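Okay, query.cif now, which holds mmCIF, C-alpha atoms, pLDDT in the B column; chains and numbers go by the auth columns:
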data_upload
loop_
_atom_site.group_PDB
_atom_site.id
_atom_site.type_symbol
_atom_site.label_atom_id
_atom_site.label_comp_id
_atom_site.label_asym_id
_atom_site.label_seq_id
_atom_site.Cartn_x
_atom_site.Cartn_y
_atom_site.Cartn_z
_atom_site.B_iso_or_equiv
_atom_site.auth_seq_id
_atom_site.auth_asym_id
ATOM 1 C CA MET A 1 67.115 84.732 72.615 73.00 1 A
ATOM 2 C CA LEU A 2 67.414 83.405 76.160 79.00 2 A
ATOM 3 C CA ALA A 3 69.559 85.202 78.744 83.00 3 A
ATOM 4 C CA ALA A 4 72.127 82.387 78.724 85.00 4 A
ATOM 5 C CA GLU A 5 72.371 82.570 74.931 86.00 5 A
ATOM 6 C CA ARG A 6 72.817 86.362 75.059 87.00 6 A
ATOM 7 C CA ARG A 7 75.559 85.925 77.619 85.00 7 A
ATOM 8 C CA GLU A 8 77.429 83.417 75.425 88.00 8 A
ATOM 9 C CA HIS A 9 77.020 85.712 72.434 88.00 9 A
ATOM 10 C CA LEU A 10 78.386 88.727 74.317 91.00 10 A
ATOM 11 C CA LEU A 11 81.403 86.834 75.635 88.00 11 A
ATOM 12 C CA ALA A 12 82.149 85.452 72.179 89.00 12 A
ATOM 13 C CA LEU A 13 81.881 88.951 70.717 88.00 13 A
ATOM 14 C CA LEU A 14 84.234 90.301 73.374 86.00 14 A
ATOM 15 C CA ALA A 15 86.779 87.563 72.656 83.00 15 A
ATOM 16 C CA ARG A 16 86.556 88.108 68.882 84.00 16 A
ATOM 17 C CA ASP A 17 86.455 91.895 68.620 84.00 17 A
ATOM 18 C CA GLY A 18 88.016 93.016 71.887 84.00 18 A
ATOM 19 C CA LYS A 19 85.020 95.224 72.682 86.00 19 A
ATOM 20 C CA ILE A 20 81.231 95.338 72.810 89.00 20 A
ATOM 21 C CA VAL A 21 79.209 98.298 71.524 90.00 21 A
ATOM 22 C CA ALA A 22 75.816 98.041 73.202 90.00 22 A
ATOM 23 C CA LYS A 23 73.803 99.830 70.500 90.00 23 A
ATOM 24 C CA ASP A 24 75.280 97.635 67.749 90.00 24 A
ATOM 25 C CA VAL A 25 74.517 94.432 69.658 89.00 25 A
ATOM 26 C CA ALA A 26 71.000 95.640 70.363 89.00 26 A
ATOM 27 C CA ALA A 27 70.428 96.348 66.668 90.00 27 A
ATOM 28 C CA ASP A 28 71.923 93.023 65.535 88.00 28 A
ATOM 29 C CA LEU A 29 69.865 90.978 67.999 88.00 29 A
ATOM 30 C CA ARG A 30 66.744 93.167 67.787 88.00 30 A
ATOM 31 C CA LEU A 31 66.848 93.844 71.507 88.00 31 A
ATOM 32 C CA SER A 32 66.554 97.006 73.544 91.00 32 A
ATOM 33 C CA GLU A 33 69.792 98.688 74.625 89.00 33 A
ATOM 34 C CA ASP A 34 68.550 98.395 78.223 91.00 34 A
ATOM 35 C CA THR A 35 68.533 94.606 77.872 91.00 35 A
ATOM 36 C CA VAL A 36 72.111 94.582 76.573 90.00 36 A
ATOM 37 C CA ARG A 37 73.268 96.987 79.277 89.00 37 A
ATOM 38 C CA ARG A 38 71.639 94.805 81.929 91.00 38 A
ATOM 39 C CA ASP A 39 73.458 91.743 80.547 90.00 39 A
ATOM 40 C CA LEU A 40 76.737 93.675 80.606 91.00 40 A
ATOM 41 C CA ARG A 41 76.140 94.713 84.213 89.00 41 A
ATOM 42 C CA ASP A 42 75.659 91.063 85.145 90.00 42 A
ATOM 43 C CA LEU A 43 78.839 90.022 83.320 89.00 43 A
ATOM 44 C CA ALA A 44 80.799 92.856 84.930 87.00 44 A
ATOM 45 C CA ALA A 45 79.551 91.836 88.372 86.00 45 A
ATOM 46 C CA GLU A 46 81.069 88.402 87.742 85.00 46 A
ATOM 47 C CA GLY A 47 84.354 89.972 86.644 84.00 47 A
ATOM 48 C CA LEU A 48 83.937 88.861 83.032 87.00 48 A
ATOM 49 C CA CYS A 49 84.093 92.294 81.387 85.00 49 A
ATOM 50 C CA GLN A 50 84.878 95.921 82.152 86.00 50 A
ATOM 51 C CA ARG A 51 81.922 98.183 81.485 88.00 51 A
ATOM 52 C CA VAL A 52 82.672 101.467 79.738 86.00 52 A
ATOM 53 C CA TYR A 53 80.508 104.183 78.244 86.00 53 A
ATOM 54 C CA GLY A 54 78.511 102.617 75.433 88.00 54 A
ATOM 55 C CA GLY A 55 79.516 99.013 76.044 89.00 55 A
ATOM 56 C CA ALA A 56 82.281 96.870 77.510 90.00 56 A
ATOM 57 C CA LEU A 57 85.948 95.906 77.137 87.00 57 A
ATOM 58 C CA PRO A 58 87.959 92.844 78.219 87.00 58 A
ATOM 59 C CA VAL A 59 88.689 92.977 81.929 85.00 59 A
ATOM 60 C CA SER A 60 92.313 92.952 83.073 81.00 60 A
ATOM 61 C CA PRO A 61 93.456 89.753 84.807 76.00 61 A
ATOM 62 C CA ALA A 62 95.933 91.835 86.849 68.00 62 A
ATOM 63 C CA VAL A 63 93.426 92.834 89.509 62.00 63 A
ATOM 64 C CA VAL A 64 93.732 89.805 91.782 53.00 64 A
ATOM 65 C CA ASP A 65 95.613 90.082 95.077 56.00 65 A
ATOM 66 C CA TYR A 66 99.356 90.754 95.206 51.00 66 A
ATOM 67 C CA ASP A 67 100.452 87.174 95.970 53.00 67 A
ATOM 68 C CA ALA A 68 98.356 85.775 93.114 51.00 68 A
ATOM 69 C CA ARG A 69 99.719 88.397 90.692 51.00 69 A
ATOM 70 C CA GLN A 70 103.303 87.350 91.411 52.00 70 A
ATOM 71 C CA ALA A 71 102.563 83.997 89.776 51.00 71 A
ATOM 72 C CA LEU A 72 100.662 85.551 86.853 55.00 72 A
ATOM 73 C CA ALA A 73 102.646 85.636 83.573 54.00 73 A
ATOM 74 C CA SER A 74 105.930 85.524 85.474 79.00 74 A
ATOM 75 C CA ASP A 75 108.034 84.769 82.370 87.00 75 A
ATOM 76 C CA ALA A 76 106.461 87.681 80.503 90.00 76 A
ATOM 77 C CA LYS A 77 107.151 90.016 83.415 91.00 77 A
ATOM 78 C CA ARG A 78 110.788 88.949 83.518 93.00 78 A
ATOM 79 C CA LYS A 79 111.150 89.770 79.810 95.00 79 A
ATOM 80 C CA VAL A 80 109.598 93.199 80.270 96.00 80 A
ATOM 81 C CA ALA A 81 111.678 93.804 83.388 96.00 81 A
ATOM 82 C CA SER A 82 114.938 92.894 81.662 96.00 82 A
ATOM 83 C CA LEU A 83 114.364 95.447 78.903 97.00 83 A
ATOM 84 C CA ALA A 84 113.189 98.106 81.367 97.00 84 A
ATOM 85 C CA ALA A 85 116.152 97.609 83.687 97.00 85 A
ATOM 86 C CA GLY A 86 118.464 98.327 80.754 96.00 86 A
ATOM 87 C CA LEU A 87 117.017 101.853 80.556 97.00 87 A
ATOM 88 C CA VAL A 88 118.447 102.705 83.976 97.00 88 A
ATOM 89 C CA ARG A 89 121.867 104.141 83.176 96.00 89 A
ATOM 90 C CA PRO A 90 124.874 104.115 85.551 97.00 90 A
ATOM 91 C CA GLY A 91 124.638 107.162 87.780 97.00 91 A
ATOM 92 C CA GLY A 92 121.047 107.753 86.695 97.00 92 A
ATOM 93 C CA SER A 93 117.857 108.190 88.683 98.00 93 A
ATOM 94 C CA VAL A 94 114.616 106.271 88.331 98.00 94 A
ATOM 95 C CA ILE A 95 111.181 106.456 89.896 98.00 95 A
ATOM 96 C CA LEU A 96 110.081 102.841 90.188 98.00 96 A
ATOM 97 C CA ASP A 97 106.366 102.223 90.576 96.00 97 A
ATOM 98 C CA GLY A 98 104.981 99.397 92.672 92.00 98 A
ATOM 99 C CA GLY A 99 103.470 96.112 91.552 89.00 99 A
ATOM 100 C CA THR A 100 104.827 92.753 90.501 90.00 100 A
ATOM 101 C CA THR A 101 106.333 93.829 87.162 93.00 101 A
ATOM 102 C CA ALA A 102 108.165 96.722 88.826 94.00 102 A
ATOM 103 C CA LEU A 103 109.419 94.286 91.465 94.00 103 A
ATOM 104 C CA ALA A 104 110.821 92.164 88.635 94.00 104 A
ATOM 105 C CA VAL A 105 112.609 95.304 87.354 96.00 105 A
ATOM 106 C CA ALA A 106 114.196 95.858 90.774 96.00 106 A
ATOM 107 C CA ARG A 107 115.429 92.264 90.792 95.00 107 A
ATOM 108 C CA ALA A 108 116.793 92.690 87.251 96.00 108 A
ATOM 109 C CA LEU A 109 118.950 95.711 88.117 97.00 109 A
ATOM 110 C CA PRO A 110 122.656 94.769 88.292 96.00 110 A
ATOM 111 C CA ARG A 111 123.733 94.470 91.915 95.00 111 A
ATOM 112 C CA ASP A 112 126.725 96.757 91.380 95.00 112 A
ATOM 113 C CA LEU A 113 124.794 99.472 89.488 97.00 113 A
ATOM 114 C CA ALA A 114 125.298 102.949 90.912 98.00 114 A
ATOM 115 C CA CYS A 115 121.931 104.687 90.647 97.00 115 A
ATOM 116 C CA THR A 116 119.198 106.441 92.593 98.00 116 A
ATOM 117 C CA VAL A 117 115.873 104.657 93.008 98.00 117 A
ATOM 118 C CA ILE A 118 112.783 106.497 94.249 98.00 118 A
ATOM 119 C CA THR A 119 109.808 104.296 95.047 98.00 119 A
ATOM 120 C CA HIS A 120 106.581 104.212 97.037 97.00 120 A
ATOM 121 C CA SER A 121 106.794 100.433 97.338 96.00 121 A
ATOM 122 C CA PRO A 122 108.261 98.973 100.566 95.00 122 A
ATOM 123 C CA THR A 123 108.581 95.656 98.731 95.00 123 A
ATOM 124 C CA ILE A 124 110.801 97.186 96.047 95.00 124 A
ATOM 125 C CA ALA A 125 112.879 99.056 98.602 96.00 125 A
ATOM 126 C CA THR A 126 113.463 95.782 100.439 96.00 126 A
ATOM 127 C CA ALA A 127 114.473 94.043 97.192 96.00 127 A
ATOM 128 C CA LEU A 128 117.198 96.663 96.659 97.00 128 A
ATOM 129 C CA ILE A 129 118.619 96.669 100.189 96.00 129 A
ATOM 130 C CA ASP A 130 121.490 94.424 99.115 94.00 130 A
ATOM 131 C CA HIS A 131 122.453 96.697 96.178 96.00 131 A
ATOM 132 C CA PRO A 132 125.319 98.584 97.834 96.00 132 A
ATOM 133 C CA ARG A 133 125.600 101.332 95.205 97.00 133 A
ATOM 134 C CA ALA A 134 121.888 102.070 94.852 97.00 134 A
ATOM 135 C CA GLU A 135 120.628 105.112 96.749 97.00 135 A
ATOM 136 C CA LEU A 136 117.083 104.425 97.957 97.00 136 A
ATOM 137 C CA PHE A 137 114.328 106.951 98.667 97.00 137 A
ATOM 138 C CA LEU A 138 111.058 105.528 99.997 97.00 138 A
ATOM 139 C CA ILE A 139 107.936 107.691 99.720 97.00 139 A
ATOM 140 C CA GLY A 140 105.637 107.258 102.713 94.00 140 A
ATOM 141 C CA GLY A 141 101.862 107.398 103.045 92.00 141 A
ATOM 142 C CA ARG A 142 98.857 105.143 103.476 92.00 142 A
ATOM 143 C CA VAL A 143 99.683 101.588 102.421 92.00 143 A
ATOM 144 C CA PHE A 144 97.473 100.197 99.665 89.00 144 A
ATOM 145 C CA LYS A 145 97.890 96.502 100.384 85.00 145 A
ATOM 146 C CA HIS A 146 96.572 95.258 97.033 80.00 146 A
ATOM 147 C CA SER A 147 99.724 96.511 95.283 83.00 147 A
ATOM 148 C CA ALA A 148 101.992 96.903 98.349 88.00 148 A
ATOM 149 C CA VAL A 149 102.471 100.642 97.719 94.00 149 A
ATOM 150 C CA THR A 150 101.777 103.897 99.517 95.00 150 A
ATOM 151 C CA CYS A 151 99.193 106.285 98.119 93.00 151 A
ATOM 152 C CA GLY A 152 96.751 108.927 99.267 92.00 152 A
ATOM 153 C CA ALA A 153 97.211 112.658 99.879 94.00 153 A
ATOM 154 C CA ALA A 154 100.407 112.353 101.950 94.00 154 A
ATOM 155 C CA ALA A 155 102.113 110.173 99.354 95.00 155 A
ATOM 156 C CA VAL A 156 101.074 112.428 96.446 95.00 156 A
ATOM 157 C CA GLU A 157 102.396 115.479 98.328 95.00 157 A
ATOM 158 C CA ALA A 158 105.712 113.715 99.005 95.00 158 A
ATOM 159 C CA ALA A 159 105.988 112.743 95.339 95.00 159 A
ATOM 160 C CA ARG A 160 105.870 116.408 94.335 94.00 160 A
ATOM 161 C CA ASN A 161 109.227 116.926 96.062 95.00 161 A
ATOM 162 C CA VAL A 162 111.219 114.359 94.081 96.00 162 A
ATOM 163 C CA SER A 163 112.470 114.231 90.501 96.00 163 A
ATOM 164 C CA ALA A 164 114.213 111.732 88.268 98.00 164 A
ATOM 165 C CA GLU A 165 115.300 111.117 84.705 97.00 165 A
ATOM 166 C CA LEU A 166 113.126 108.067 84.276 98.00 166 A
ATOM 167 C CA CYS A 167 109.820 106.709 85.586 98.00 167 A
ATOM 168 C CA LEU A 168 108.909 103.045 85.105 98.00 168 A
ATOM 169 C CA LEU A 169 105.178 102.789 85.628 97.00 169 A
ATOM 170 C CA GLY A 170 102.928 99.763 86.000 94.00 170 A
ATOM 171 C CA VAL A 171 99.279 99.579 84.928 94.00 171 A
ATOM 172 C CA THR A 172 96.674 96.827 84.877 92.00 172 A
ATOM 173 C CA GLY A 173 95.092 97.637 81.521 93.00 173 A
ATOM 174 C CA VAL A 174 96.338 98.879 78.132 95.00 174 A
ATOM 175 C CA HIS A 175 93.700 99.555 75.507 93.00 175 A
ATOM 176 C CA PRO A 176 93.725 101.863 72.453 92.00 176 A
ATOM 177 C CA GLU A 177 90.372 103.365 73.420 89.00 177 A
ATOM 178 C CA ALA A 178 90.300 103.110 77.227 90.00 178 A
ATOM 179 C CA GLY A 179 93.960 104.100 77.504 93.00 179 A
ATOM 180 C CA LEU A 180 96.235 103.228 80.421 96.00 180 A
ATOM 181 C CA THR A 181 94.158 102.114 83.376 95.00 181 A
ATOM 182 C CA THR A 182 94.318 100.686 86.867 93.00 182 A
ATOM 183 C CA ALA A 183 91.817 99.343 89.374 89.00 183 A
ATOM 184 C CA ASP A 184 91.999 101.953 92.171 91.00 184 A
ATOM 185 C CA ALA A 185 91.394 105.711 91.972 93.00 185 A
ATOM 186 C CA ASP A 186 93.995 106.667 94.608 93.00 186 A
ATOM 187 C CA GLU A 187 96.604 104.442 92.986 94.00 187 A
ATOM 188 C CA ALA A 188 95.877 106.056 89.605 95.00 188 A
ATOM 189 C CA ALA A 189 96.412 109.504 91.144 95.00 189 A
ATOM 190 C CA MET A 190 99.703 108.384 92.671 96.00 190 A
ATOM 191 C CA LYS A 191 100.923 107.052 89.353 97.00 191 A
ATOM 192 C CA ARG A 192 100.154 110.394 87.702 97.00 192 A
ATOM 193 C CA ALA A 193 102.035 112.211 90.452 96.00 193 A
ATOM 194 C CA LEU A 194 105.096 109.989 90.014 97.00 194 A
ATOM 195 C CA SER A 195 105.119 110.263 86.224 97.00 195 A
ATOM 196 C CA ALA A 196 104.920 114.058 86.442 97.00 196 A
ATOM 197 C CA ARG A 197 108.250 114.111 88.288 97.00 197 A
ATOM 198 C CA ALA A 198 110.259 112.305 85.589 98.00 198 A
ATOM 199 C CA ALA A 199 111.695 113.436 82.266 97.00 199 A
ATOM 200 C CA ASP A 200 110.643 110.165 80.578 98.00 200 A
ATOM 201 C CA THR A 201 107.917 107.697 81.503 98.00 201 A
ATOM 202 C CA TYR A 202 107.793 104.148 80.196 98.00 202 A
ATOM 203 C CA VAL A 203 104.810 101.936 80.938 98.00 203 A
ATOM 204 C CA LEU A 204 105.443 98.296 81.848 97.00 204 A
ATOM 205 C CA ALA A 205 102.785 95.942 80.474 94.00 205 A
ATOM 206 C CA SER A 206 103.166 92.212 80.025 93.00 206 A
ATOM 207 C CA SER A 207 101.071 90.742 77.226 92.00 207 A
ATOM 208 C CA GLU A 208 98.077 89.656 79.328 90.00 208 A
ATOM 209 C CA LYS A 209 97.321 93.354 79.990 93.00 209 A
ATOM 210 C CA ILE A 210 97.290 94.385 76.332 93.00 210 A
ATOM 211 C CA GLY A 211 93.783 94.972 75.035 92.00 211 A
ATOM 212 C CA THR A 212 92.199 95.012 78.517 93.00 212 A
ATOM 213 C CA ALA A 213 90.825 97.758 80.743 90.00 213 A
ATOM 214 C CA SER A 214 90.333 98.659 84.404 91.00 214 A
ATOM 215 C CA PRO A 215 88.044 101.338 85.865 90.00 215 A
ATOM 216 C CA TYR A 216 90.440 104.281 86.374 93.00 216 A
ATOM 217 C CA ARG A 217 92.502 106.040 83.729 94.00 217 A
ATOM 218 C CA VAL A 218 96.118 106.767 84.651 96.00 218 A
ATOM 219 C CA LEU A 219 97.603 108.813 81.790 94.00 219 A
ATOM 220 C CA PRO A 220 96.825 109.833 78.218 92.00 220 A
ATOM 221 C CA TRP A 221 99.037 108.375 75.511 94.00 221 A
ATOM 222 C CA GLU A 222 100.782 111.697 74.840 93.00 222 A
ATOM 223 C CA SER A 223 102.086 111.780 78.429 95.00 223 A
ATOM 224 C CA ILE A 224 104.271 108.693 78.096 97.00 224 A
ATOM 225 C CA THR A 225 107.561 108.143 76.294 98.00 225 A
ATOM 226 C CA GLY A 226 106.887 104.538 75.413 97.00 226 A
ATOM 227 C CA LEU A 227 105.354 101.177 76.255 98.00 227 A
ATOM 228 C CA ILE A 228 107.423 98.106 77.123 98.00 228 A
ATOM 229 C CA THR A 229 105.685 94.786 76.463 97.00 229 A
ATOM 230 C CA ASP A 230 106.367 91.206 75.472 95.00 230 A
ATOM 231 C CA ALA A 231 103.254 91.131 73.260 95.00 231 A
ATOM 232 C CA ASP A 232 103.679 89.942 69.675 94.00 232 A
ATOM 233 C CA PRO A 233 104.682 92.932 67.491 94.00 233 A
ATOM 234 C CA GLU A 234 102.117 91.691 64.938 94.00 234 A
ATOM 235 C CA ASP A 235 99.304 91.709 67.500 92.00 235 A
ATOM 236 C CA ALA A 236 96.356 93.785 66.243 91.00 236 A
ATOM 237 C CA THR A 237 96.130 95.822 69.443 93.00 237 A
ATOM 238 C CA VAL A 238 99.840 96.597 69.347 95.00 238 A
ATOM 239 C CA GLY A 239 99.335 97.787 65.768 95.00 239 A
ATOM 240 C CA ARG A 240 96.526 100.098 66.883 94.00 240 A
ATOM 241 C CA LEU A 241 98.745 101.517 69.619 96.00 241 A
ATOM 242 C CA ARG A 242 101.503 102.259 67.128 96.00 242 A
ATOM 243 C CA ALA A 243 98.940 103.954 64.883 96.00 243 A
ATOM 244 C CA LEU A 244 98.170 106.250 67.820 95.00 244 A
ATOM 245 C CA GLY A 245 101.836 107.241 67.893 96.00 245 A
ATOM 246 C CA VAL A 246 102.822 105.068 70.856 97.00 246 A
ATOM 247 C CA ASP A 247 106.470 103.946 70.818 97.00 247 A
ATOM 248 C CA VAL A 248 106.194 100.218 71.581 97.00 248 A
ATOM 249 C CA LEU A 249 109.380 98.518 72.789 97.00 249 A
ATOM 250 C CA THR A 250 109.162 94.746 72.382 95.00 250 A
ATOM 251 C CA ALA A 251 110.799 92.553 75.013 93.00 251 A
ATOM 252 C CA ASP A 252 111.818 89.076 73.913 84.00 252 A
#

Mind turning the file's structure into C-alpha cells?
Amino acid sequence: MLAAERREHLLALLARDGKIVAKDVAADLRLSEDTVRRDLRDLAAEGLCQRVYGGALPVSPAVVDYDARQALASDAKRKVASLAAGLVRPGGSVILDGGTTALAVARALPRDLACTVITHSPTIATALIDHPRAELFLIGGRVFKHSAVTCGAAAVEAARNVSAELCLLGVTGVHPEAGLTTADADEAAMKRALSARAADTYVLASSEKIGTASPYRVLPWESITGLITDADPEDATVGRLRALGVDVLTAD
C-alpha cells in the first residue's frame, strides 16, 4: 500500500471509529507498527489527528486562535451558555473560566443578576462591567493570548485564595478515553486550580469538541459534577460518557 493510500485509510478509520489503534492497523494491513506510527506523526504534524499512546484520536477544532474560535459553532456555544448561565443562582458565586464558550456564558447572565464572578479572563471581566449587581474579581498573572486568560505560577497561586459554589470550565477536547483536555500545559494547570476552589464543576463543551482530544489532560471524570453540551443525546460518544458515570446535561 502506498503512503497516500495508507493516509486515506487512516483518516477514514479515524472518522469511522473515532480512534486509531496502531497495532491493530499494522496487523490488518500487514505493516510494521513503526510504519503506522510514522504515518500518524505525519498526520499529526498537519493537524489532522491527535497522537496518543498506542495510536491517535480526532484532533479538536477548538485550537485555532481566539478570534477564529469566536466564529466556530457560535449557535452551539450559545445553547451551552444559556443552560450554564441558569446554574448561577441569585446571590451565588461562580468561577468562570476563559475562552469563547465561557464568554458566551457571561453574555447570557441576566444583567440584573446579583452574583459574584471570579475569573482569570480580562475579556469576561469586561463583558460584565455593565452588570451593576455582579461583583467581579479578576485573577492576575501572565496573559496567555490564545485564550485571553491569565495563567502561570502567579495566577495559580492567586486562584488558591478564592472559593465559589460553582466553576464553569472550558476545555478543547472531550473523549471517553483521553478525558478532558486542552492544548496548553499551563492553561490545563490553571483550570485544575480553579476547579479545586469550587464546590461543583461543570464542563462546557459544544458538540464539535465531543469525541476529540488535545495534548494536555485537565481533570479526571470523577472530579467534575457534570458536562454541559449541545451534542445529540443519542450520540455514541455521549453514551460512552454516561456509561462512565458522567452526568451529561443536554442544551437545546

Residues within 8 Å of segment 142-145 of chain A, all atoms listed in the file, excluding chain neighbours under 4 positions, as a list of chain:residue names =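 Listing them by chain and then by number gives A:Tyr66, A:Val149, A:Thr150, A:Cys151, A:Gly152, A:Ala154, A:Ala155, A:Glu187.
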
For the point (105.9, 103.8, 69.3) in file coordinates, what residues are within 10 Å, counting only C-alpha atoms? Give the answer as a PyMOL selection string?
-> chain A and resi 225-228+238-239+241-249

Sphere at (98.9, 107.6, 95.1), radius 12 Å, counting all atoms listed in the file: residues as JSON, numbers by chain = {"A": [97, 98, 119, 120, 121, 139, 140, 141, 142, 143, 144, 147, 148, 149, 150, 151, 152, 153, 154, 155, 156, 157, 158, 159, 160, 182, 184, 185, 186, 187, 188, 189, 190, 191, 192, 193, 194, 195, 218]}

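Distance annotation: of A:Thr172, A:Ser163, A:Ser82, A:Ser74, the residue with the minimal separation from Pro215 of chain A is A:Thr172; atom set is only C-alpha atoms.
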
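Closest to Leu166 of chain A among A:Thr237, A:Gln50, A:Thr116, A:Ser206 is A:Thr116, based on all atoms listed in the file.
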
Quick one, how far is atom CA of Arg7 of chain A from atom CA of Asp39 of chain A?
-> 6.8 Å

6 Å contact set for Asp230 of chain A, only C-alpha atoms, chain neighbours under 4 positions out, as number ranges by chain | A: 206-207, 250-251

Between atom CA of Leu204 of chain A and atom CA of Pro132 of chain A, distance in Å (one decimal) =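 Separating atom CA of Leu204 of chain A from atom CA of Pro132 of chain A is a distance of 25.5 Å.
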
Kindly give the distance, in Å, that separates atom CA of Pro90 of chain A and atom CA of Glu135 of chain A, rounded to a single decimal.
-> 12.0 Å

Residue among A:Ala127, A:Ala205, A:Ile95, A:Ile224 lying closest to Ala76 of chain A, counting only C-alpha atoms =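 Closest candidate: A:Ala205.
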
May I have a table of the residues of segment 145-208 of chain A lying at most 12 Å from segment 14-34 of chain A, giving each one's closest pair of atoms and their distance in Å to one decimal, counting all atoms listed in the file, ordered by chain and ascending residue number, as a Markdown table?
| residue | atom | partner | partner_atom | distance |
| --- | --- | --- | --- | --- |
| A:Val174 | CA | A:Gly18 | CA | 11.9 |
| A:His175 | CA | A:Gly18 | CA | 9.4 |
| A:Pro176 | CA | A:Gly18 | CA | 10.5 |
| A:Glu177 | CA | A:Lys19 | CA | 9.8 |
| A:Ala178 | CA | A:Lys19 | CA | 10.5 |

Excluding Arg107 of chain A and residues on its chain fewer than 3 positions from it, collect all residues at most 8 Å away from it, counting only C-alpha atoms, and give them as a ChimeraX atom specification.
-> /A:103-104,127-128

Selection: 9 Å around Ala102 of chain A, only C-alpha atoms, excl. self and same-chain fewer than 6 positions, as a ChimeraX atom specification | /A:77,81,96,124,168-170,204

Taking the file above as input, evaluate the PyMOL selection byres ((chain A and resi 59) around 8) and report the hits as a count of residues only.
-> 12

Contact residues around Ala4 of chain A with only C-alpha atoms at 12 Å, ignoring same-chain residues under 5 positions, as a ChimeraX atom specification = /A:9-11,39,42-43

Selection to disk with C-alpha atoms, as a compact mmCIF listing (two decimals), in the frame of the given file:
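Saved result, result-v1.txt, follows:
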# COMPACT_ATOMS: atom_id res chain seq x y z
CA HIS A 9 77.02 85.71 72.43
CA LEU A 10 78.39 88.73 74.32
CA LEU A 11 81.40 86.83 75.64
CA ASP A 39 73.46 91.74 80.55
CA ASP A 42 75.66 91.06 85.14
CA LEU A 43 78.84 90.02 83.32

Distance criterion (all atoms listed in the file): nearest to Leu87 of chain A out of A:Cys167, A:Leu2, A:Ala114, A:Leu138 | A:Cys167
